[in-house]
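So this one's run.tsv, TSV, C-alpha atoms and all ligand atoms:
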chain	number	residue	atom	x	y	z
Y	1	GLN	CA	-24.17	-8.48	-1.14
Y	2	LEU	CA	-20.58	-9.72	-0.94
Y	3	PRO	CA	-18.27	-10.05	-3.96
Y	4	THR	CA	-17.48	-13.62	-5.10
Y	5	LYS	CA	-13.82	-12.81	-5.78
Y	6	VAL	CA	-11.39	-10.42	-4.13
Y	7	LYS	CA	-8.02	-9.20	-5.38
Y	8	ILE	CA	-5.44	-8.88	-2.65
Y	9	VAL	CA	-2.90	-6.13	-3.23
Y	10	GLU	CA	0.09	-7.24	-1.19
Y	11	VAL	CA	1.90	-4.16	0.13
Y	12	GLY	CA	4.16	-5.87	2.70
Y	13	PRO	CA	7.42	-5.53	0.75
Y	14	ARG	CA	6.74	-1.78	0.40
Y	15	ASP	CA	4.38	-0.34	3.04
Y	16	GLY	CA	5.37	-3.07	5.47
Y	17	LEU	CA	9.11	-2.97	5.23
Y	18	GLN	CA	9.41	0.81	4.75
Y	19	ASN	CA	8.63	1.31	8.41
Y	20	GLU	CA	10.53	-1.55	9.97
Y	21	ALA	CA	13.30	-0.35	12.25
Y	22	LEU	CA	16.83	-0.82	11.03
Y	23	ILE	CA	18.59	-3.73	12.75
Y	24	ASN	CA	22.04	-2.67	13.99
Y	25	GLY	CA	21.77	0.29	11.65
Y	26	LYS	CA	21.09	-1.98	8.68
Y	27	ALA	CA	18.11	-2.22	6.38
Y	28	ILE	CA	16.71	-5.59	5.47
Y	29	SER	CA	18.76	-6.91	2.57
Y	30	ALA	CA	17.63	-6.86	-1.04
Y	31	ALA	CA	18.10	-10.65	-1.11
Y	32	ASP	CA	15.64	-11.13	1.77
Y	33	LYS	CA	13.10	-8.86	0.09
Y	34	VAL	CA	13.48	-10.80	-3.15
Y	35	ALA	CA	13.00	-14.09	-1.30
Y	36	LEU	CA	9.85	-12.72	0.37
Y	37	ILE	CA	8.41	-11.52	-2.94
Y	38	GLU	CA	9.10	-14.89	-4.56
Y	39	LEU	CA	7.45	-16.75	-1.64
Y	40	LEU	CA	4.40	-14.52	-1.98
Y	41	SER	CA	4.15	-15.13	-5.71
Y	42	ASP	CA	4.54	-18.90	-5.12
Y	43	ALA	CA	1.63	-18.64	-2.69
Y	44	GLY	CA	-0.55	-17.28	-5.50
Y	45	VAL	CA	-0.52	-13.59	-4.61
Y	46	SER	CA	-1.06	-11.91	-7.97
Y	47	TYR	CA	-0.26	-8.28	-7.18
Y	48	ILE	CA	2.80	-7.34	-5.15
Y	49	GLU	CA	3.86	-3.77	-4.45
Y	50	SER	CA	7.52	-4.66	-4.36
Y	51	GLY	CA	9.25	-1.41	-3.45
Y	52	SER	CA	9.26	2.36	-3.70
Y	53	PHE	CA	11.47	4.89	-5.44
Y	54	VAL	CA	11.54	7.63	-2.83
Y	55	SER	CA	14.34	9.52	-1.15
Y	56	PRO	CA	16.62	6.99	0.61
Y	57	LYS	CA	17.28	9.67	3.23
Y	58	TRP	CA	13.59	9.72	4.10
Y	59	VAL	CA	12.95	5.97	3.81
Y	60	PRO	CA	16.20	3.99	4.11
Y	61	GLN	CA	14.47	0.59	3.99
Y	62	MET	CA	13.46	1.24	0.38
Y	63	ALA	CA	16.94	2.24	-0.84
Y	64	THR	CA	17.51	-1.15	-2.49
Y	65	SER	CA	14.26	-1.17	-4.49
Y	66	ALA	CA	16.05	-1.00	-7.86
Y	67	GLU	CA	18.12	-4.05	-6.96
Y	68	VAL	CA	15.00	-5.87	-5.80
Y	69	PHE	CA	13.12	-5.23	-9.05
Y	70	ALA	CA	16.15	-6.21	-11.11
Y	71	THR	CA	16.61	-9.49	-9.20
Y	72	ILE	CA	13.17	-11.02	-8.63
Y	73	LYS	CA	12.33	-14.03	-10.75
Y	74	ARG	CA	9.20	-12.77	-12.41
Y	75	ASN	CA	6.09	-14.83	-12.64
Y	76	SER	CA	4.11	-13.74	-15.70
Y	77	LYS	CA	0.86	-13.99	-13.71
Y	78	VAL	CA	2.06	-11.51	-11.09
Y	79	VAL	CA	2.07	-7.72	-11.26
Y	80	TYR	CA	5.14	-6.21	-9.58
Y	81	ALA	CA	4.26	-2.61	-8.75
Y	82	ALA	CA	6.34	0.32	-7.51
Y	83	LEU	CA	5.38	3.37	-5.48
Y	84	THR	CA	6.68	6.58	-7.09
Y	85	PRO	CA	6.39	10.09	-5.59
Y	86	ASN	CA	7.73	12.13	-8.51
Y	87	MET	CA	9.32	11.96	-11.98
Y	88	LYS	CA	12.69	10.94	-10.59
Y	89	GLY	CA	11.13	7.97	-8.82
Y	90	TYR	CA	9.03	7.09	-11.84
Y	91	GLU	CA	12.05	7.04	-14.12
Y	92	ALA	CA	13.92	4.82	-11.68
Y	93	ALA	CA	10.94	2.43	-11.59
Y	94	MET	CA	10.79	2.31	-15.39
Y	95	ALA	CA	14.52	1.63	-15.61
Y	96	VAL	CA	13.99	-1.65	-13.75
Y	97	ASN	CA	10.76	-2.58	-15.53
Y	98	ALA	CA	8.17	-2.17	-12.81
Y	99	ASP	CA	4.91	-3.54	-14.27
Y	100	GLU	CA	2.75	-0.84	-12.74
Y	101	ILE	CA	3.24	2.22	-10.62
Y	102	ALA	CA	1.36	3.82	-7.77
Y	103	ILE	CA	1.26	7.53	-7.05
Y	104	PHE	CA	0.11	8.89	-3.73
Y	105	SER	CA	-1.70	11.93	-2.45
Y	106	ALA	CA	-3.67	12.65	0.69
Y	107	ALA	CA	-6.98	14.04	1.85
Y	108	SER	CA	-5.14	16.13	4.44
Y	109	GLU	CA	-2.91	19.11	3.64
Y	110	SER	CA	-0.71	18.68	6.71
Y	111	PHE	CA	-0.10	15.02	5.96
Y	112	SER	CA	0.79	15.80	2.34
Y	113	GLN	CA	3.36	18.35	3.53
Y	114	LYS	CA	4.91	15.97	6.06
Y	115	ASN	CA	4.88	12.96	3.77
Y	116	ILE	CA	5.99	14.35	0.43
Y	117	ASN	CA	6.91	17.92	1.27
Y	118	CYS	CA	4.28	19.58	-0.92
Y	119	SER	CA	0.60	20.51	-0.96
Y	120	ILE	CA	-2.15	18.24	-2.30
Y	121	GLU	CA	-2.46	20.46	-5.40
Y	122	GLU	CA	1.29	20.42	-5.99
Y	123	SER	CA	1.38	16.64	-5.64
Y	124	ILE	CA	-1.37	16.28	-8.21
Y	125	ALA	CA	0.44	18.62	-10.61
Y	126	ARG	CA	3.58	16.49	-10.17
Y	127	PHE	CA	1.68	13.35	-11.13
Y	128	ALA	CA	0.32	14.71	-14.43
Y	129	PRO	CA	3.51	14.23	-16.50
Y	130	ILE	CA	4.08	10.82	-14.87
Y	131	ILE	CA	0.61	9.63	-15.85
Y	132	ALA	CA	1.04	11.02	-19.37
Y	133	ASP	CA	4.30	9.12	-19.87
Y	134	ALA	CA	2.93	5.94	-18.29
Y	135	LYS	CA	0.01	6.05	-20.72
Y	136	LYS	CA	2.44	6.15	-23.67
Y	137	ARG	CA	4.21	3.07	-22.32
Y	138	ASN	CA	1.01	1.24	-21.45
Y	139	ILE	CA	1.89	1.23	-17.76
Y	140	LYS	CA	-1.12	1.26	-15.47
Y	141	VAL	CA	-1.18	3.79	-12.66
Y	142	ARG	CA	-2.79	3.21	-9.30
Y	143	GLY	CA	-3.56	6.15	-7.03
Y	144	TYR	CA	-3.52	6.28	-3.23
Y	145	VAL	CA	-5.36	8.74	-1.05
Y	146	SER	CA	-4.02	8.81	2.52
Y	147	CYS	CA	-5.87	9.92	5.64
Y	148	VAL	CA	-9.30	9.00	4.31
Y	149	VAL	CA	-10.89	8.92	7.75
Y	150	GLY	CA	-8.50	10.79	9.99
Y	151	CYS	CA	-5.16	12.56	9.96
Y	152	PRO	CA	-2.48	12.44	12.66
Y	153	TYR	CA	-2.18	16.25	12.48
Y	154	GLU	CA	-5.69	17.44	11.57
Y	155	GLY	CA	-7.99	14.91	13.23
Y	156	ASP	CA	-11.22	13.96	11.44
Y	157	ILE	CA	-11.23	14.32	7.67
Y	158	ALA	CA	-14.47	15.17	5.86
Y	159	PRO	CA	-15.64	12.40	3.48
Y	160	GLU	CA	-16.22	15.07	0.82
Y	161	GLN	CA	-12.55	16.07	0.95
Y	162	VAL	CA	-11.54	12.43	0.33
Y	163	ALA	CA	-14.02	12.21	-2.54
Y	164	MET	CA	-12.57	15.34	-4.17
Y	165	VAL	CA	-9.00	14.04	-4.13
Y	166	ALA	CA	-10.08	10.55	-5.25
Y	167	GLN	CA	-12.03	12.07	-8.12
Y	168	LYS	CA	-9.03	14.13	-9.25
Y	169	LEU	CA	-6.74	11.09	-9.31
Y	170	HIS	CA	-9.38	9.09	-11.15
Y	171	ALA	CA	-10.00	11.86	-13.70
Y	172	MET	CA	-6.24	12.07	-14.31
Y	173	GLY	CA	-6.16	8.42	-15.34
Y	174	CYS	CA	-5.61	6.27	-12.26
Y	175	TYR	CA	-7.41	3.00	-12.96
Y	176	GLU	CA	-7.91	2.28	-9.28
Y	177	ILE	CA	-8.00	4.47	-6.20
Y	178	SER	CA	-6.81	2.92	-2.97
Y	179	LEU	CA	-8.35	4.59	0.05
Y	180	GLY	CA	-5.88	4.60	2.92
Y	181	ASP	CA	-6.87	4.76	6.56
Y	182	THR	CA	-3.27	5.62	7.31
Y	183	ILE	CA	-3.72	5.78	11.08
Y	184	GLY	CA	-6.28	2.99	11.32
Y	185	ILE	CA	-8.77	5.12	13.17
Y	186	GLY	CA	-11.93	4.28	11.21
Y	187	THR	CA	-14.83	2.07	12.21
Y	188	PRO	CA	-17.50	0.63	9.89
Y	189	ALA	CA	-19.60	3.75	10.50
Y	190	SER	CA	-16.97	6.30	9.43
Y	191	VAL	CA	-15.60	4.05	6.69
Y	192	THR	CA	-19.03	3.50	5.17
Y	193	LYS	CA	-19.75	7.26	5.21
Y	194	MET	CA	-16.45	7.87	3.46
Y	195	LEU	CA	-17.15	5.15	0.87
Y	196	GLN	CA	-20.57	6.63	0.17
Y	197	ALA	CA	-19.04	10.05	-0.54
Y	198	VAL	CA	-16.26	8.65	-2.72
Y	199	SER	CA	-18.45	6.27	-4.70
Y	200	ALA	CA	-20.68	9.20	-5.66
Y	201	ARG	CA	-17.67	10.42	-7.70
Y	202	VAL	CA	-15.63	7.32	-8.57
Y	203	PRO	CA	-17.19	3.97	-9.60
Y	204	THR	CA	-17.08	1.49	-6.71
Y	205	ALA	CA	-15.49	-1.10	-9.02
Y	206	GLN	CA	-12.44	1.18	-9.24
Y	207	LEU	CA	-11.97	1.57	-5.50
Y	208	ALA	CA	-9.71	-0.38	-3.14
Y	209	VAL	CA	-9.38	-0.20	0.63
Y	210	HIS	CA	-6.09	0.10	2.50
Y	211	PHE	CA	-6.43	-0.27	6.24
Y	212	HIS	CA	-3.76	0.06	8.87
Y	213	ASP	CA	-4.67	-1.84	12.01
Y	214	THR	CA	-3.61	0.68	14.65
Y	215	TYR	CA	-6.93	0.51	16.52
Y	216	GLY	CA	-7.68	-3.14	15.68
Y	217	GLN	CA	-10.54	-2.17	13.36
Y	218	ALA	CA	-9.10	-3.23	10.01
Y	219	LEU	CA	-10.88	-6.58	9.55
Y	220	THR	CA	-14.25	-5.24	10.53
Y	221	ASN	CA	-13.72	-2.28	8.22
Y	222	ILE	CA	-12.82	-4.65	5.40
Y	223	TYR	CA	-16.05	-6.55	6.01
Y	224	ALA	CA	-17.96	-3.27	5.80
Y	225	ALA	CA	-16.15	-2.41	2.55
Y	226	LEU	CA	-16.96	-5.84	1.07
Y	227	GLN	CA	-20.61	-5.30	1.91
Y	228	PHE	CA	-20.36	-1.95	0.17
Y	229	GLY	CA	-19.21	-3.75	-2.99
Y	230	ILE	CA	-15.44	-3.21	-2.82
Y	231	SER	CA	-13.47	-6.16	-4.18
Y	232	VAL	CA	-9.84	-5.01	-3.94
Y	233	VAL	CA	-8.14	-5.13	-0.55
Y	234	ASP	CA	-4.61	-3.99	0.33
Y	235	SER	CA	-2.81	-5.90	3.08
Y	236	ALA	CA	0.69	-6.72	4.26
Y	237	ILE	CA	2.08	-10.16	4.97
Y	238	ALA	CA	2.63	-10.74	8.72
Y	239	GLY	CA	0.97	-7.37	9.41
Y	240	LEU	CA	4.25	-5.61	8.68
Y	241	GLY	CA	4.33	-1.90	8.31
Y	242	GLY	CA	3.08	1.53	9.17
Y	243	CYS	CA	4.09	4.93	7.94
Y	244	PRO	CA	7.18	6.81	9.14
Y	245	TYR	CA	5.27	10.11	8.97
Y	246	ALA	CA	2.16	9.00	10.82
Y	247	LYS	CA	2.79	8.88	14.55
Y	248	GLY	CA	1.43	5.77	16.21
Y	249	ALA	CA	0.63	4.11	12.89
Y	250	SER	CA	0.91	0.36	13.19
Y	251	GLY	CA	1.16	-2.12	10.39
Y	252	ASN	CA	-1.24	-2.79	7.59
Y	253	VAL	CA	-3.85	-5.43	8.24
Y	254	ALA	CA	-2.16	-8.83	7.91
Y	255	THR	CA	-2.71	-10.64	4.60
Y	256	GLU	CA	-3.04	-13.96	6.48
Y	257	ASP	CA	-5.95	-12.57	8.52
Y	258	VAL	CA	-7.67	-11.13	5.44
Y	259	VAL	CA	-7.36	-14.39	3.51
Y	260	TYR	CA	-8.73	-16.32	6.51
Y	261	LEU	CA	-11.72	-13.96	6.60
Y	262	LEU	CA	-12.31	-14.24	2.84
Y	263	ASN	CA	-11.97	-18.04	2.92
Y	264	GLY	CA	-14.55	-18.14	5.68
Y	265	LEU	CA	-16.91	-16.01	3.63
Y	266	GLY	CA	-16.46	-18.29	0.61
Y	267	ILE	CA	-14.80	-15.52	-1.39
Y	268	THR	CA	-12.15	-16.67	-3.88
Y	269	THR	CA	-8.59	-15.29	-3.72
Y	270	ASN	CA	-6.59	-18.09	-5.40
Y	271	ILE	CA	-4.05	-17.87	-2.58
Y	272	ASP	CA	-2.51	-20.99	-1.01
Y	273	PHE	CA	-3.06	-20.35	2.68
Y	274	ASP	CA	-0.25	-22.57	4.01
Y	275	LYS	CA	2.32	-21.08	1.68
Y	276	LEU	CA	1.12	-17.62	2.69
Y	277	LEU	CA	1.69	-18.43	6.37
Y	278	GLN	CA	5.19	-19.63	5.53
Y	279	ALA	CA	5.97	-16.39	3.69
Y	280	GLY	CA	4.89	-14.49	6.81
Y	281	TRP	CA	7.11	-16.56	9.07
Y	282	PHE	CA	10.05	-16.21	6.70
Y	283	ILE	CA	10.07	-12.42	6.86
Y	284	SER	CA	9.23	-12.34	10.56
Y	285	LYS	CA	12.25	-14.50	11.38
Y	286	LYS	CA	14.43	-12.16	9.34
Y	287	LEU	CA	13.09	-9.25	11.37
Y	288	GLY	CA	13.50	-11.14	14.63
Y	289	LYS	CA	9.88	-10.88	15.76
Y	290	PRO	CA	6.68	-12.91	15.39
Y	291	PRO	CA	4.03	-11.94	12.81
Y	292	THR	CA	1.34	-9.64	14.20
Y	293	SER	CA	-1.16	-11.84	12.34
Y	294	LYS	CA	-3.46	-13.49	14.88
Y	295	VAL	CA	-4.32	-16.22	12.40
Y	296	SER	CA	-0.66	-17.05	11.90
Y	297	THR	CA	-0.09	-17.25	15.66
Y	298	ALA	CA	-3.14	-19.49	16.10
Y	299	TYR	CA	-2.00	-21.93	13.41
Y	300	LEU	CA	1.43	-22.14	14.98
Y	301	ALA	CA	-0.12	-23.02	18.33
Y	302	GLN	CA	-1.97	-26.01	16.83
D	1	LIG	P1	11.98	16.83	-1.41
D	1	LIG	O1	13.09	17.00	-0.45
D	1	LIG	O2	10.85	17.79	-1.37
D	1	LIG	O3	12.48	16.68	-2.92
D	1	LIG	O4	11.41	15.35	-1.23
D	1	LIG	P2	13.52	17.41	-3.78
D	1	LIG	O5	13.04	17.23	-5.18
D	1	LIG	O6	13.80	18.79	-3.27
D	1	LIG	O7	14.84	16.49	-3.59
D	1	LIG	C1	15.57	16.42	-2.38
D	1	LIG	C2	16.55	15.28	-2.47
D	1	LIG	O8	15.85	14.05	-2.64
D	1	LIG	C3	17.50	15.37	-3.65
D	1	LIG	O9	18.71	14.73	-3.25
D	1	LIG	C4	16.83	14.52	-4.69
D	1	LIG	O10	17.71	14.00	-5.64
D	1	LIG	C5	16.27	13.41	-3.84
D	1	LIG	P3	19.98	15.54	-2.67
D	1	LIG	O11	20.31	16.51	-3.76
D	1	LIG	O12	19.49	16.23	-1.41
D	1	LIG	O13	20.99	14.48	-2.41
D	1	LIG	N1	15.10	12.79	-4.46
D	1	LIG	C6	14.98	11.46	-4.67
D	1	LIG	N2	15.79	10.42	-4.41
D	1	LIG	C7	15.38	9.21	-4.75
D	1	LIG	N3	14.18	8.96	-5.32
D	1	LIG	C8	13.34	9.97	-5.59
D	1	LIG	C9	13.74	11.27	-5.26
D	1	LIG	N4	13.15	12.49	-5.40
D	1	LIG	C10	13.98	13.38	-4.90
D	1	LIG	N5	12.15	9.72	-6.15
D	1	LIG	C11	10.22	13.36	-1.84
D	1	LIG	C12	10.32	14.88	-1.97
D	1	LIG	C13	8.86	12.95	-2.33
D	1	LIG	C14	11.29	12.73	-2.68
D	1	LIG	C15	10.43	13.00	-0.37
D	1	LIG	O14	9.56	13.75	0.39
D	1	LIG	C16	10.22	11.54	-0.09
D	1	LIG	O15	10.92	10.68	-0.60
D	1	LIG	N6	9.28	11.22	0.77
D	1	LIG	C17	9.03	9.86	1.18
D	1	LIG	C18	7.61	9.60	1.07
D	1	LIG	C19	7.30	8.17	1.43
D	1	LIG	O16	7.92	7.23	0.95
D	1	LIG	N7	6.30	8.00	2.30
D	1	LIG	C20	5.83	6.72	2.64
D	1	LIG	C21	5.01	6.15	1.52
D	1	LIG	S1	3.34	6.79	1.46
D	1	LIG	C22	2.47	5.75	2.51
D	1	LIG	O17	3.04	4.91	3.14
D	1	LIG	C23	0.97	5.85	2.53
D	1	LIG	C24	0.26	4.74	1.76
D	1	LIG	O18	0.67	3.47	2.25
D	1	LIG	C25	-1.26	4.87	1.89
D	1	LIG	C26	-1.73	5.03	3.34
D	1	LIG	O19	-1.43	4.16	4.18
D	1	LIG	O20	-2.40	6.02	3.59
D	1	LIG	C27	0.61	4.80	0.27
D	2	MG	MG	-0.13	2.54	3.99
Take the structure in the file and give it back as structure tokens.
Ligand code: HMG
Ligand code: MG
Amino acid sequence: QLPTKVKIVEVGPRDGLQNEALINGKAISAADKVALIELLSDAGVSYIESGSFVSPKWVPQMATSAEVFATIKRNSKVVYAALTPNMKGYEAAMAVNADEIAIFSAASESFSQKNINCSIEESIARFAPIIADAKKRNIKVRGYVSCVVGCPYEGDIAPEQVAMVAQKLHAMGCYEISLGDTIGIGTPASVTKMLQAVSARVPTAQLAVHFHDTYGQALTNIYAALQFGISVVDSAIAGLGGCPYAKGASGNVATEDVVYLLNGLGITTNIDFDKLLQAGWFISKKLGKPPTSKVSTAYLAQ
């Protein structure tokens, strides 16, 4: 049975833009990011991961996140979230009043090392003081698990391994666990197996799915997740994105395509579809390339 309502977690301004190539050595400007975030909120997107507080040497596109958070005109109905890898990043996010934060671990040791330069255990130990402080301030913490189906370095990942990491993040206090198919390799069969293992340890209502579309399977995997009872879906406007540490990773599934699917299924999102398309075209023009969203391309052709 499908959910009647789905929450879209828009990750374009973070996951999307973090992997866009620099143009003439320059990152996309803070002003353009702010404009994108405001267009998304005008379109009715209620949760926007608006930046990350990571090393600017590792991820130059996110170097202006503090400026972005300080500049956006906030809509009280929208949650503006920040990705934070450690205490330093968390403190920077708090200094600019991020509404929520997201921490991130992985189901693969090699990926954890390459992505955040520490083991899964070490990453979890790093998050404990962050979660404790966030609790004091009433800041909600979302947790990501990367490589939930496969890893660019280790190949297939056992569903049980994903479930263990998800359970740890949940037990530590993450209110929602976003399950990331970082390299987009899953199909409904492997995704459903993974969801079965995870939901044995974390309530399904507290799970979200985060699909990259590298192998073109994201929409069908989302449909499988909806049938499984998941009602929170991460996506990126215009299909922006990828991950700098995952070779061959393409963008996240496009928000426009997900909303088209949900509209067709009669599932409520409260998103204005036309305004959403315009937000996608705005950022795509800034990046000098068309959206990878098929839906967006089809509407343009009409
Ligand atoms: P490290 O080198 O191990 O950290 O990096 P360190 O503590 O030794 O610090 C080294 C330098 O980084 C120092 O500067 C620190 O000040 C600085 P230096 O003295 O050399 O000038 N530093 C920081 N600067 C700014 N903000 C910070 C910060 N922390 C340290 N928060 C670190 C560890 C985690 C920082 C690094 O590995 C890093 O930034 N990695 C980037 C990770 C990242 O952004 N990955 C992409 C996001 S995850 C993702 O996309 C997956 C997801 O979408 C789900 C999915 O698809 O699966 C979520
Ligand atoms: Mg991602």
Check your understanding: Quick one: of Y:Thr268, Y:Ser119, Y:Asn252, Y:Gln1, who's nearest to ligand MG 2 (chain D), counting all atoms listed in the file?
Key ->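 Looking at the shortest contact to ligand MG 2 (chain D), the residue is Y:Asn252.
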Review point. Separation of atom CA of Y:Val253 and atom CA of Y:Ile185, in Å?
Key: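 A separation of 12.6 Å between them.
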Practice item. Name each residue within 9 Å of ligand MG 2 (chain D), counting all atoms listed in the file, as a PyMOL selection string. Key: chain Y and resi 11+14-16+144+146+180-183+210-212+234-235+241-243+251-252
Writer output for current selection, C-alpha atoms, as a PDB file, in the frame of the given file:
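For reference, part_22.pdb as written:
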ATOM      1  CA  VAL Y  11       1.900  -4.160   0.130  1.00  0.00           C
ATOM      2  CA  ARG Y  14       6.740  -1.780   0.400  1.00  0.00           C
ATOM      3  CA  ASP Y  15       4.380  -0.340   3.040  1.00  0.00           C
ATOM      4  CA  GLY Y  16       5.370  -3.070   5.470  1.00  0.00           C
ATOM      5  CA  TYR Y 144      -3.520   6.280  -3.230  1.00  0.00           C
ATOM      6  CA  SER Y 146      -4.020   8.810   2.520  1.00  0.00           C
ATOM      7  CA  GLY Y 180      -5.880   4.600   2.920  1.00  0.00           C
ATOM      8  CA  ASP Y 181      -6.870   4.760   6.560  1.00  0.00           C
ATOM      9  CA  THR Y 182      -3.270   5.620   7.310  1.00  0.00           C
ATOM     10  CA  ILE Y 183      -3.720   5.780  11.080  1.00  0.00           C
ATOM     11  CA  HIS Y 210      -6.090   0.100   2.500  1.00  0.00           C
ATOM     12  CA  PHE Y 211      -6.430  -0.270   6.240  1.00  0.00           C
ATOM     13  CA  HIS Y 212      -3.760   0.060   8.870  1.00  0.00           C
ATOM     14  CA  ASP Y 234      -4.610  -3.990   0.330  1.00  0.00           C
ATOM     15  CA  SER Y 235      -2.810  -5.900   3.080  1.00  0.00           C
ATOM     16  CA  GLY Y 241       4.330  -1.900   8.310  1.00  0.00           C
ATOM     17  CA  GLY Y 242       3.080   1.530   9.170  1.00  0.00           C
ATOM     18  CA  CYS Y 243       4.090   4.930   7.940  1.00  0.00           C
ATOM     19  CA  GLY Y 251       1.160  -2.120  10.390  1.00  0.00           C
ATOM     20  CA  ASN Y 252      -1.240  -2.790   7.590  1.00  0.00           C
TER      21      ASN Y 252
END
Exercise for review: Please identify all polymer residues within 10 Å of Y:Gly89, counting all atoms listed in the file, omitting same-chain residues fewer than 4 positions from it, and present them as an NGL selection string.
Suggested key: :Y and (52-55 or 82-85 or 93-95 or 101 or 130)
Exercise for review: Name the residues in contact with Y:Asn138 at a cut-off of 12 Å, using all atoms listed in the file, excluding same-chain residues fewer than 5 positions from it; report them as a list in words.
Suggested key: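 Listed by chain and then number, they are Met94, Ala98, Asp99, Glu100, Ile101, Ile131, Ala132, Asp133 and Gly173 of chain Y.
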Review point. So, counting all atoms listed in the file, which residue among Y:Thr220, Y:Gln227, Y:Ser50, Y:Ser284 is closest to Y:Leu195?
Key: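 Closest residue, counting all atoms listed in the file: Y:Gln227.
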Practice item. Go through Y:Lys73, Y:Lys294, Y:Lys285, Y:Lys114 and flag the residue nearest ligand LIG 1 (chain D), using only C-alpha atoms and all ligand atoms for the distances. Key: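 Ranked by minimum distance to ligand LIG 1 (chain D), first place goes to Y:Lys114.
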Review point. For ligand LIG 1 (chain D), which of Y:Ile23, Y:Ile103, Y:Ile8, Y:Leu262 is the closest residue, counting all atoms listed in the file?
Key: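 Selected residue with least distance to ligand LIG 1 (chain D): Y:Ile103.
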Review point. Taking into account all atoms listed in the file, which residue in the set Y:Ile72, Y:Ile124, Y:Ala102, Y:Leu40 is nearest to Y:Trp281?
Key: Y:Leu40
